[in-house]
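Trainee: Just passing along the structure, written as structure tokens.
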Amino acid sequence: MKKYQDALLANIRKQLEIWFETGSAVPYEEAERFLHSVKGTSGTIGLTKLYSVSAELLEQIRLRSDDGLWEPEALRAFMIGLIAACFELHQEQETVYPTSGYTYLEGEAPGSQPLILILDDDAALLHYLKEELERCGYYVIATVNPALAIHYFHDRAPDCFILDLIIPEQDGFQVMEAIKEQIRKRYIPTTVISMDVARETRLKAIRMGADDFLNKPLDMEELIVRIERQLARKKQLDELLFIDELTGAYNRKYLDEVFRTLCLEAQRNQESFTMAVLDLDHFKKINDRFGHLIGDRVLADFVAFLKSRIRSSDVLLRYGGEEFILLFPGMREGEVRILLERLGEEFGAIELAAAPEELRATFSAGVIEVTEPDPASCRRWLKLADQALYLAKELGRNRIETANRDAQLTARRLRIALIDDDPIVRALLTEYLREAIRPGKGDIRAYRSGEDFQGDSWHLEKAPCIVILDGMLPGMDGLEVLAYLRSLPDSNQYSAIMLTGRSGNDDIVRALKLGADDYVTKPFRLADLRTRIVRLMQRMDFN
């Protein structure tokens, strides 16, 4: 029976590819004949779910009164139930995917679960740890590259870090040395795993900031229990502290509370206050050129500069990365703009940090006056200020812009490229992502090959892009596409998620070394892939 089921799925895949790839409109009658055939065959060979879905779609077509044509995009949206059923059948035939143990809390968004970063050069162990920890509900970034681990540590701010000591390119002690200040300041629980069980090794690791030390081979249950304990302790500390340890500014957890307080004061005094969102210009270039330690010094210097020039009643918060929020009680929008323009000139003239050569920086800002102080409206005003900041960047940076309440500012759009030779996967992911991403926030394109993607100049536009690519593609494979992306001058604007087979450990290692931000093993759940995309969007500030 299985060979007949496989044949039907192959025929469906072939027909969908013809419809969606040619770009030609499809007559209703042709779609009706197709569904009639699928219904009859699937019911006969035991594919009950496919039978039910095709029967329901067939009934919907027959209720239509017109005999018009279907554009490919509209047809794909109509057929999404059938496409999803085929995808699930294909996944079930490959293997039974484990059920995640993570349950989202009420109001909790996908991508909000604890983030664990793992560094180990053993691809098989890395793969195993990633699967087991994700089964427990954690979000895991795994890498074999020490330099990338250090980058992810700074860029992603993990909740927990697990690393091996014995790595050919750069051993675990060197990695710990590079990030020890961050481990201490941010309190990121760090667990060392190693075959070297010598007393001197364990003591050295603990002295350098390790919170735990486990011998290989690992007891997975013990590792999970220890991680749970570390994360519970970190959560308690995070909830008690509103101070960003690196810069001394308030952190983003304090925003809602201080905004509420300012709104109540403004209502009581019948006045307004002003919000400004500041962003250091080209900060990534500072990190790339001078290193993260110098970058951290620049952030601290920037906060010290601002604190020395604002009033004691003004509130400075570090919202994330190199982005800050300033709240000015009782000040009007124009006054704040004049102040920030003056501070921008002063800051740009200051030589910063202990860099090996001259280092100066500038900042851009978006300003909005909160004229209707409502404690529940923080995100609305923040969005307006952020739009003004984006406009300042678009106009060349190193400038201050005020929000325009009347005009619709150009919103940033995230590009998502899907590269997979399976038409069912392409069609399903395209529709799924259209539903998952807020309207107007994303531009999604699908390609059947690396050559098709490379030949479309769309991907070269100056805008962030998430690339989801299959590891095995006809012609130019996924690894070659990844190498191509990393060779581009603006390679930092691309984030890549690799879709790979379970047995492809070598491919996983190569993908991670080439700079893949994440990977998903086939078969996969759509919700799991969406979680990874949401994480990347949060990192790009598109959440």
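Chain labels A, B, ... are given in the sequence in which chains occur in the structure tokens; within each chain residues are numbered consecutively from 1, and ligands are likewise numbered from 1 in the order shown.
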Hey, what does DSSP flag as strand (DSSP E or B) within region 216-423 of chain A? Can you give it to me as a PyMOL selection string?
Mentor: chain A and resi 243+250-251+273-280+315-320+323-329+363-370+400-402+414-419
Trainee: Which residues are close to Phe273 (chain A), i.e. within 12 Å by only C-alpha atoms, leaving aside same-chain residues fewer than 3 positions away? Reply as an MDAnalysis selection string.
Mentor: chainID A and resid 259:267 269:270 276 313:315 326:336 367:374 381
Trainee: In Å, with one decimal, what is the gap from CA of Leu133 (chain A) to CA of Leu115 (chain A)?
Mentor: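 Interatomic distance, CA of Leu133 (chain A) to CA of Leu115 (chain A): 10.2 Å.
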Trainee: Out of A:Leu512, A:Pro423, A:Arg445, A:Val520, which residue has the shortest atom-to-atom distance to Asp121 (chain A) when counting only C-alpha atoms?
Mentor: A:Leu512
Trainee: Would you kindly return, as a ChimeraX atom specification, each protein, DNA or RNA residue with an atom no farther than 12 Å from any atom of Asp477 (chain A), considering only C-alpha atoms and excluding same-chain residues fewer than 2 positions away?
Mentor: /A:419-421,448-454,469-475,479-484,498-500,507,511
